[in-house]
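What follows is the content of start26.cif, which has mmCIF, C-alpha atoms and all ligand atoms:
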```
data_final
loop_
_atom_site.label_atom_id
_atom_site.label_comp_id
_atom_site.auth_asym_id
_atom_site.auth_seq_id
_atom_site.Cartn_x
_atom_site.Cartn_y
_atom_site.Cartn_z
CA MET M 21 0.00 0.00 0.00
CA PRO M 22 1.27 3.53 -0.74
CA MET M 23 2.59 5.23 2.42
CA VAL M 24 2.11 8.77 1.18
CA ASP M 25 -0.86 11.06 1.82
CA LEU M 26 -2.34 10.94 -1.65
CA ASP M 27 -3.80 14.42 -1.24
CA GLY M 28 -6.44 14.41 -3.96
CA LEU M 29 -4.84 11.62 -6.02
CA ASP M 30 -7.01 8.67 -6.97
CA PRO M 31 -5.20 5.57 -5.62
CA ASN M 32 -7.00 3.47 -8.21
CA ARG M 33 -5.59 5.44 -11.12
CA ILE M 34 -1.90 5.53 -10.32
CA PRO M 35 0.02 5.22 -13.62
CA ARG M 36 1.65 1.85 -14.08
CA HIS M 37 4.70 3.25 -15.83
CA VAL M 38 6.12 6.78 -15.52
CA ALA M 39 9.11 7.87 -17.60
CA CYS M 40 11.16 11.07 -17.11
CA VAL M 41 13.33 13.17 -19.39
CA MET M 42 15.59 14.71 -16.73
CA ASP M 43 16.46 17.98 -18.43
CA GLY M 44 17.95 21.24 -17.22
CA ASN M 45 20.98 20.14 -15.16
CA GLY M 46 23.33 22.45 -17.07
CA ARG M 47 21.06 25.50 -16.84
CA TRP M 48 20.49 24.89 -13.13
CA ALA M 49 24.25 24.90 -12.52
CA THR M 50 24.88 27.96 -14.69
CA LYS M 51 22.15 29.87 -12.81
CA GLN M 52 24.00 29.14 -9.56
CA GLY M 53 27.37 30.11 -11.02
CA LEU M 54 28.55 26.49 -10.82
CA PRO M 55 30.16 24.24 -13.42
CA ARG M 56 27.64 22.16 -15.44
CA THR M 57 28.88 19.01 -13.77
CA GLU M 58 27.46 20.21 -10.44
CA GLY M 59 24.06 20.19 -12.12
CA HIS M 60 24.46 16.49 -12.84
CA ARG M 61 25.51 15.83 -9.25
CA ALA M 62 22.39 17.65 -8.01
CA GLY M 63 20.36 15.81 -10.67
CA GLU M 64 21.35 12.52 -9.13
CA GLU M 65 19.86 13.66 -5.77
CA ALA M 66 16.68 14.68 -7.59
CA LEU M 67 16.49 11.30 -9.28
CA PHE M 68 16.74 9.50 -5.97
CA ASP M 69 14.00 11.63 -4.41
CA ALA M 70 11.73 11.16 -7.44
CA ALA M 71 12.32 7.39 -7.32
CA CYS M 72 11.38 7.37 -3.60
CA GLY M 73 8.23 9.31 -4.49
CA ALA M 74 7.36 6.83 -7.23
CA LEU M 75 7.77 4.03 -4.72
CA GLU M 76 5.53 5.82 -2.20
CA LEU M 77 2.84 6.26 -4.82
CA GLY M 78 3.03 2.59 -5.72
CA ILE M 79 4.14 3.20 -9.32
CA PRO M 80 5.42 -0.21 -10.46
CA TYR M 81 7.69 1.00 -13.30
CA PHE M 82 9.78 4.17 -13.26
CA THR M 83 12.13 4.91 -16.16
CA VAL M 84 14.65 7.72 -16.52
CA TYR M 85 16.66 9.03 -19.47
CA ALA M 86 20.16 9.23 -18.03
CA PHE M 87 22.38 9.33 -21.11
CA SER M 88 21.44 9.45 -24.77
CA THR M 89 23.27 8.09 -27.80
CA GLU M 90 23.89 11.77 -28.66
CA ASN M 91 25.34 12.73 -25.26
CA TRP M 92 28.79 11.36 -26.25
CA ARG M 93 29.20 14.59 -28.25
CA ARG M 94 29.46 16.61 -25.04
CA PRO M 95 32.89 17.72 -23.81
CA HIS M 96 35.01 14.78 -22.70
CA GLU M 97 35.16 16.04 -19.10
CA GLU M 98 31.37 16.25 -18.83
CA VAL M 99 30.90 12.76 -20.29
CA ARG M 100 33.46 11.38 -17.87
CA PHE M 101 31.74 13.12 -14.97
CA LEU M 102 28.34 11.75 -15.98
CA LEU M 103 29.75 8.23 -16.25
CA ASN M 104 31.26 8.61 -12.81
CA VAL M 105 28.03 9.93 -11.28
CA ILE M 106 26.14 7.01 -12.75
CA ALA M 107 28.77 4.44 -11.79
CA ASP M 108 29.82 5.79 -8.38
CA GLN M 109 26.52 7.12 -7.07
CA LEU M 110 23.75 5.16 -8.74
CA LEU M 111 25.61 1.89 -9.15
CA THR M 112 27.25 1.73 -5.74
CA ARG M 113 25.80 3.92 -2.95
CA ARG M 114 22.27 4.26 -4.30
CA ARG M 115 22.27 0.71 -5.51
CA ASP M 116 22.37 -0.57 -1.95
CA GLU M 117 19.75 1.93 -0.73
CA LEU M 118 17.45 1.07 -3.62
CA HIS M 119 18.05 -2.63 -3.02
CA ARG M 120 17.01 -2.24 0.64
CA MET M 121 13.82 -0.54 -0.57
CA GLY M 122 13.01 -3.48 -2.84
CA VAL M 123 13.76 -1.71 -6.11
CA ARG M 124 14.84 -3.70 -9.14
CA ILE M 125 17.38 -1.77 -11.24
CA ARG M 126 17.57 -2.37 -14.98
CA PHE M 127 19.24 -0.71 -17.93
CA MET M 128 18.16 -0.17 -21.49
CA GLY M 129 20.33 1.06 -24.32
CA ARG M 130 23.17 0.11 -26.63
CA ARG M 131 26.17 -1.58 -25.15
CA ASP M 132 28.61 -0.51 -27.79
CA TRP M 133 32.35 0.15 -27.66
CA ARG M 134 31.74 3.62 -26.22
CA VAL M 135 30.45 2.28 -22.91
CA PRO M 136 33.48 1.49 -20.73
CA ARG M 137 33.72 -2.14 -19.62
CA TRP M 138 33.87 -1.16 -15.95
CA VAL M 139 30.54 0.67 -16.29
CA VAL M 140 28.97 -2.37 -18.00
CA ARG M 141 30.26 -4.56 -15.18
CA ARG M 142 28.69 -2.34 -12.52
CA MET M 143 25.41 -2.20 -14.43
CA ASP M 144 25.32 -5.99 -14.57
CA GLU M 145 26.17 -6.26 -10.88
CA ALA M 146 23.39 -3.83 -9.90
CA ALA M 147 20.89 -5.64 -12.12
CA ALA M 148 21.88 -9.05 -10.74
CA LEU M 149 21.81 -7.89 -7.10
CA THR M 150 18.33 -6.41 -7.43
CA ALA M 151 16.83 -8.87 -9.93
CA ALA M 152 14.41 -10.46 -7.48
CA ASN M 153 13.06 -7.16 -6.06
CA ARG M 154 9.44 -6.44 -6.80
CA ALA M 155 8.52 -3.13 -5.06
CA MET M 156 9.35 -1.14 -8.21
CA THR M 157 11.40 -1.48 -11.38
CA LEU M 158 13.73 1.46 -12.02
CA THR M 159 14.90 1.37 -15.62
CA VAL M 160 17.82 3.60 -16.49
CA ALA M 161 18.04 4.47 -20.18
CA PHE M 162 21.77 4.68 -20.77
CA ASN M 163 23.41 5.15 -24.18
CA TYR M 164 19.81 5.03 -25.29
CA GLY M 165 18.21 6.42 -28.43
CA GLY M 166 14.69 5.66 -29.63
CA ARG M 167 15.78 5.42 -33.27
CA ALA M 168 18.76 3.24 -32.36
CA GLU M 169 16.37 0.96 -30.47
CA LEU M 170 14.20 0.59 -33.58
CA VAL M 171 17.26 -0.03 -35.78
CA ASP M 172 18.43 -2.72 -33.34
CA ALA M 173 14.95 -4.27 -33.32
CA VAL M 174 14.84 -4.40 -37.14
CA ARG M 175 18.30 -5.98 -37.26
CA ALA M 176 17.29 -8.62 -34.72
CA ILE M 177 14.07 -9.37 -36.62
CA VAL M 178 15.93 -9.76 -39.93
CA GLU M 179 18.54 -11.97 -38.26
CA SER M 180 15.78 -14.16 -36.83
CA GLY M 181 14.78 -15.01 -40.42
CA VAL M 182 11.07 -14.35 -39.90
CA ALA M 183 9.01 -13.92 -43.09
CA ALA M 184 8.11 -10.29 -43.85
CA ARG M 185 4.38 -11.00 -43.93
CA ARG M 186 4.59 -12.38 -40.39
CA ILE M 187 5.97 -9.14 -38.93
CA ASP M 188 3.40 -7.15 -36.98
CA GLU M 189 3.45 -4.68 -34.08
CA ARG M 190 3.86 -7.50 -31.60
CA THR M 191 7.02 -8.69 -33.43
CA ILE M 192 8.55 -5.23 -33.13
CA ARG M 193 7.61 -4.92 -29.47
CA GLN M 194 9.21 -8.29 -28.74
CA HIS M 195 12.51 -7.05 -30.17
CA LEU M 196 12.73 -3.79 -28.23
CA TYR M 197 15.36 -3.49 -25.48
CA ALA M 198 12.87 -4.18 -22.66
CA PRO M 199 9.88 -5.99 -24.22
CA GLU M 200 8.33 -6.85 -20.88
CA LEU M 201 8.14 -3.19 -19.83
CA PRO M 202 4.59 -1.84 -20.27
CA ASP M 203 4.31 1.31 -22.38
CA PRO M 204 4.64 4.47 -20.28
CA ASP M 205 1.30 5.91 -19.21
CA LEU M 206 2.93 9.20 -18.33
CA VAL M 207 6.09 10.90 -19.63
CA ILE M 208 7.40 13.93 -17.73
CA ARG M 209 9.90 16.37 -19.19
CA THR M 210 11.43 19.07 -17.04
CA SER M 211 13.03 22.44 -17.81
CA GLY M 212 10.35 23.98 -20.00
CA GLU M 213 11.37 22.19 -23.21
CA PHE M 214 8.60 20.65 -25.32
CA ARG M 215 10.46 17.84 -27.05
CA ILE M 216 10.69 14.07 -26.90
CA SER M 217 14.40 14.04 -27.85
CA ASN M 218 14.52 10.48 -29.20
CA PHE M 219 13.15 8.92 -25.98
CA LEU M 220 11.05 5.73 -26.18
CA LEU M 221 9.74 6.54 -29.66
CA TRP M 222 7.79 3.32 -30.11
CA GLU M 223 6.67 2.97 -26.50
CA LEU M 224 5.17 6.42 -25.95
CA ALA M 225 2.64 6.24 -28.81
CA TYR M 226 -0.26 6.65 -26.36
CA SER M 227 1.50 8.20 -23.36
CA GLU M 228 0.24 11.32 -21.68
CA LEU M 229 2.92 14.02 -21.79
CA VAL M 230 3.42 16.45 -18.92
CA PHE M 231 5.89 19.32 -19.24
CA THR M 232 7.11 21.39 -16.31
CA ASP M 233 9.34 24.44 -16.06
CA VAL M 234 11.16 22.99 -13.04
CA LEU M 235 14.83 22.30 -13.80
CA TRP M 236 15.63 18.65 -13.08
CA PRO M 237 17.95 19.27 -10.07
CA ASP M 238 15.02 21.06 -8.34
CA PHE M 239 12.60 18.20 -9.13
CA ARG M 240 11.27 16.46 -6.02
CA ARG M 241 8.63 13.84 -5.31
CA GLU M 242 6.00 16.61 -4.90
CA HIS M 243 6.53 17.53 -8.56
CA LEU M 244 5.98 13.90 -9.47
CA PHE M 245 2.73 13.86 -7.48
CA GLU M 246 1.66 17.04 -9.29
CA ALA M 247 2.34 15.42 -12.67
CA VAL M 248 0.32 12.35 -11.64
CA ARG M 249 -2.51 14.69 -10.59
CA GLU M 250 -2.41 16.23 -14.07
CA PHE M 251 -2.34 12.75 -15.62
CA GLN M 252 -5.42 11.74 -13.66
CA ALA M 253 -7.29 14.77 -14.97
CA ARG M 254 -6.70 13.66 -18.58
CA ASP M 255 -9.14 11.56 -20.60
CA ARG M 256 -7.17 8.76 -22.28
CA ARG M 257 -8.92 7.54 -25.40
CA TYR M 258 -6.26 5.68 -27.41
CA GLY M 259 -7.89 6.88 -30.64
CA ASN M 260 -11.20 5.48 -29.46
CA THR M 261 -14.38 6.87 -27.96
CA PRO M 262 -14.22 8.03 -24.30
CA GLY M 263 -13.54 5.37 -21.69
CA VAL M 264 -12.69 2.55 -24.13
CA ARG M 265 -9.14 1.22 -24.16
CA ASP M 266 -7.75 -0.12 -27.40
CA ASP M 267 -4.01 0.47 -27.40
CA GLY M 268 -2.96 -2.87 -28.85
CA ILE M 269 -1.33 -3.98 -25.62
CA PRO M 270 -1.65 -7.78 -25.46
C1 LIG J 301 20.05 16.88 -19.15
O1 LIG J 301 20.49 18.11 -18.63
C2 LIG J 301 20.50 15.79 -18.34
C3 LIG J 301 21.41 14.84 -18.73
C4 LIG J 301 22.07 14.82 -20.03
C5 LIG J 301 21.79 13.74 -17.87
C6 LIG J 301 20.83 13.30 -16.81
C7 LIG J 301 21.67 12.84 -15.72
C8 LIG J 301 21.41 12.96 -14.41
C9 LIG J 301 20.12 13.42 -13.84
C10 LIG J 301 22.53 12.59 -13.49
C11 LIG J 301 22.35 11.39 -12.72
C12 LIG J 301 21.83 10.25 -13.45
C13 LIG J 301 21.84 9.01 -12.95
C14 LIG J 301 21.16 7.92 -13.69
C15 LIG J 301 22.50 8.72 -11.67
P1 LIG J 301 21.39 19.03 -19.55
O2 LIG J 301 22.80 18.83 -19.14
O3 LIG J 301 21.10 18.77 -20.98
O4 LIG J 301 20.88 20.46 -19.10
P2 LIG J 301 20.75 21.75 -20.01
O5 LIG J 301 19.71 21.44 -21.05
O6 LIG J 301 20.30 22.79 -19.04
O7 LIG J 301 22.11 22.01 -20.58
#
```
Take the structure from the file and write it as structure tokens.
Ligand code: FPP
Amino acid sequence: MPMVDLDGLDPNRIPRHVACVMDGNGRWATKQGLPRTEGHRAGEEALFDAACGALELGIPYFTVYAFSTENWRRPHEEVRFLLNVIADQLLTRRRDELHRMGVRIRFMGRRDWRVPRWVVRRMDEAAALTAANRAMTLTVAFNYGGRAELVDAVRAIVESGVAARRIDERTIRQHLYAPELPDPDLVIRTSGEFRISNFLLWELAYSELVFTDVLWPDFRREHLFEAVREFQARDRRYGNTPGVRDDGIP
């Protein structure tokens, strides 16, 4: 049962899967006269608080966009810092805290030559340690791109030798990075930008989108609750008439 005072939220309509584009770390740091990297450090705190809030609300799946396939183009120092924040904070200190709270940690994205082996090792360790946890699944999109995910799915389908006429939406879903993950009901993007930025392109076909001006390092569980409140006020129709669900989910 959720431990939080739901304060106007309908406990029967908590989204099953919430995904976040954690944007605005750099601007937050610049506004404080700090190097951009400090924004990422503060962003990690925000992520942990938001994950705790998701757990309190009883959201079963929480997914965050931590590092995109395009983020490698950032200055070397910033990339190295981000890798260290992810590896040292999330995959060591937070890993144990999240494990105690019953959170399963998973990763989605390309594991290509750009991802250092030691980071891959820590990802695998965190995933293995927390594999049996069921309170919530935290999926970290790392070296992730929605188009790359579709390219990888098409390659895997072709390699499987399936006949073209047998390929349908279910086939594509089964070849995504995390086929068992339900589509996000709610996608939140911070920092006042109105873009999807190559995040979960297939999966968010019917997601409700909530945009907030809050810069990610200032994001706290209360902002998550506010977004869920907004989500609950929406009328999801999936291209159908009101109240009827037909989103193709098996
Ligand atoms: C976007 O802000 C944010 C990122 C590129 C990285 C998100 C990373 C974190 C929140 C750090 C911790 C993550 C984990 C998984 C521990 P930006 O740098 O693009 O900000 P800007 O648009 O203001 O420049």
* Test item: residues no farther than 6 Å from ligand LIG 301 (chain J), counting only C-alpha atoms and all ligand atoms, as an NGL selection string -> :M and (42-47 or 60 or 63-64 or 86-87 or 105-106 or 110)
Please identify every residue of segment 81-182 of chain M that has at least one atom no farther than 8 Å from an atom of segment 220-243 of chain M, counting all atoms listed in the file, and for each give the shortest atom pair and the distance in Å to one decimal, arranged by chain then increasing number, as CSV.
```
residue,atom,partner,partner_atom,distance
M:Gly165,CA,M:Leu220,CA,7.5
M:Gly166,CA,M:Leu220,CA,5.0
M:Arg167,CA,M:Leu221,CA,7.1
M:Leu170,CA,M:Trp222,CA,7.8
```
* Asked: Any idea what the distance is between atom CA of Ala147 of chain M and atom CA of Ile125 of chain M?
  ->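 One can read the atom CA of Ala147 of chain M to atom CA of Ile125 of chain M distance as 5.3 Å.
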Any chance you could tabulate, as JSON lines, the residues of segment 88-119 of chain M at most 10 Å from segment 134-137 of chain M with each one's nearest atom pair and distance in Å to one decimal, using only C-alpha atoms, in chain and rising number order?
```
{"residue": "M:Thr89", "atom": "CA", "partner": "M:Arg134", "partner_atom": "CA", "distance": 9.7}
{"residue": "M:Trp92", "atom": "CA", "partner": "M:Arg134", "partner_atom": "CA", "distance": 8.3}
{"residue": "M:Leu103", "atom": "CA", "partner": "M:Pro136", "partner_atom": "CA", "distance": 8.9}
```
Can you pull out the residues contacting segment 177-186 of chain M? Cut-off 8 Å, using all atoms listed in the file, and skip same-chain residues under 5 positions away; I want them as a short mmCIF file (atom, residue, chain, number, x, y, z; two decimals) with C-alpha atoms, in the frame of the given file.
```cif
data_model
loop_
_atom_site.label_atom_id
_atom_site.label_comp_id
_atom_site.auth_asym_id
_atom_site.auth_seq_id
_atom_site.Cartn_x
_atom_site.Cartn_y
_atom_site.Cartn_z
CA THR M 191 7.02 -8.69 -33.43
CA ILE M 192 8.55 -5.23 -33.13
CA HIS M 195 12.51 -7.05 -30.17
#
```
* Shell of 12 Å around Glu169 of chain M, all atoms listed in the file, local chain residues under 5 positions omitted, as a list in words ->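 So the residues in contact are Ser88, Thr89, Met128, Gly129, Arg130, Arg131, Ala161, Phe162, Asn163, Tyr164, Val174, Arg175, Ala176, Ile192, Arg193, Gln194, His195, Leu196, Tyr197, Ala198, Pro199, Asn218, Phe219, Leu220, Leu221, Trp222 and Glu223 of chain M.
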If you take all atoms listed in the file and a cut-off of 6 Å, which residues of segment 163-233 of chain M touch segment 31-41 of chain M, and what are their nearest atom pairs and distances in Å to one decimal, in chain and number order, as a Markdown table?
```
| residue | atom | partner | partner_atom | distance |
| --- | --- | --- | --- | --- |
| M:Pro204 | CA | M:His37 | CA | 4.6 |
| M:Asp205 | CA | M:His37 | CA | 5.5 |
| M:Leu206 | CA | M:Val38 | CA | 4.9 |
| M:Val207 | CA | M:Ala39 | CA | 4.7 |
| M:Ile208 | CA | M:Cys40 | CA | 4.8 |
| M:Arg209 | CA | M:Val41 | CA | 4.7 |
```
* Interatomic distance, atom CA of Gly122 of chain M to atom CA of Asn153 of chain M (Å, one decimal) ->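 Distance between the two atoms: 4.9 Å.
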* For Gly28 of chain M, the nearest of the candidates M:Phe245, M:Tyr258, M:Tyr81, M:Phe127, counting all atoms listed in the file ->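 Ranked by minimum distance to Gly28 of chain M, first place goes to M:Phe245.
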* To do: Would you mind reading off the distance between atom CA of Val123 of chain M and atom CA of Glu58 of chain M, one decimal, in Å?
  =>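 Atom CA of Val123 of chain M sits 26.2 Å away from atom CA of Glu58 of chain M.
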* Structure fact -> Min atom-atom distance to Ala71 of chain M from the set M:Ala146, M:Ala107, M:Leu118, M:Leu54, counting all atoms listed in the file, belongs to M:Leu118
* Asked: Around (7.3, 5.5, -1.8) in the file's frame, which residues reach within 12 Å when counting all atoms listed in the file? Return as a ChimeraX atom specification?
  -> /M:21-26,68-80,82,118,121-123,155-156,241-242,244-245
* Could you give me, as a list in words, the residues within 12 Å of Ala148 of chain M, counting only C-alpha atoms and dropping anything in the same chain fewer than 6 positions from it? =>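 Everything that qualifies: Leu111, Arg115, His119, Val123, Arg124, Ile125, Arg126, Phe127, Arg141 and Arg142 of chain M.
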Write out, as a PDB file, in the frame of the given file, the residues just selected, with C-alpha atoms.
```
ATOM      1  CA  LEU M 111      25.610   1.890  -9.150  1.00  0.00           C
ATOM      2  CA  ARG M 115      22.270   0.710  -5.510  1.00  0.00           C
ATOM      3  CA  HIS M 119      18.050  -2.630  -3.020  1.00  0.00           C
ATOM      4  CA  VAL M 123      13.760  -1.710  -6.110  1.00  0.00           C
ATOM      5  CA  ARG M 124      14.840  -3.700  -9.140  1.00  0.00           C
ATOM      6  CA  ILE M 125      17.380  -1.770 -11.240  1.00  0.00           C
ATOM      7  CA  ARG M 126      17.570  -2.370 -14.980  1.00  0.00           C
ATOM      8  CA  PHE M 127      19.240  -0.710 -17.930  1.00  0.00           C
ATOM      9  CA  ARG M 141      30.260  -4.560 -15.180  1.00  0.00           C
ATOM     10  CA  ARG M 142      28.690  -2.340 -12.520  1.00  0.00           C
TER      11      ARG M 142
END
```
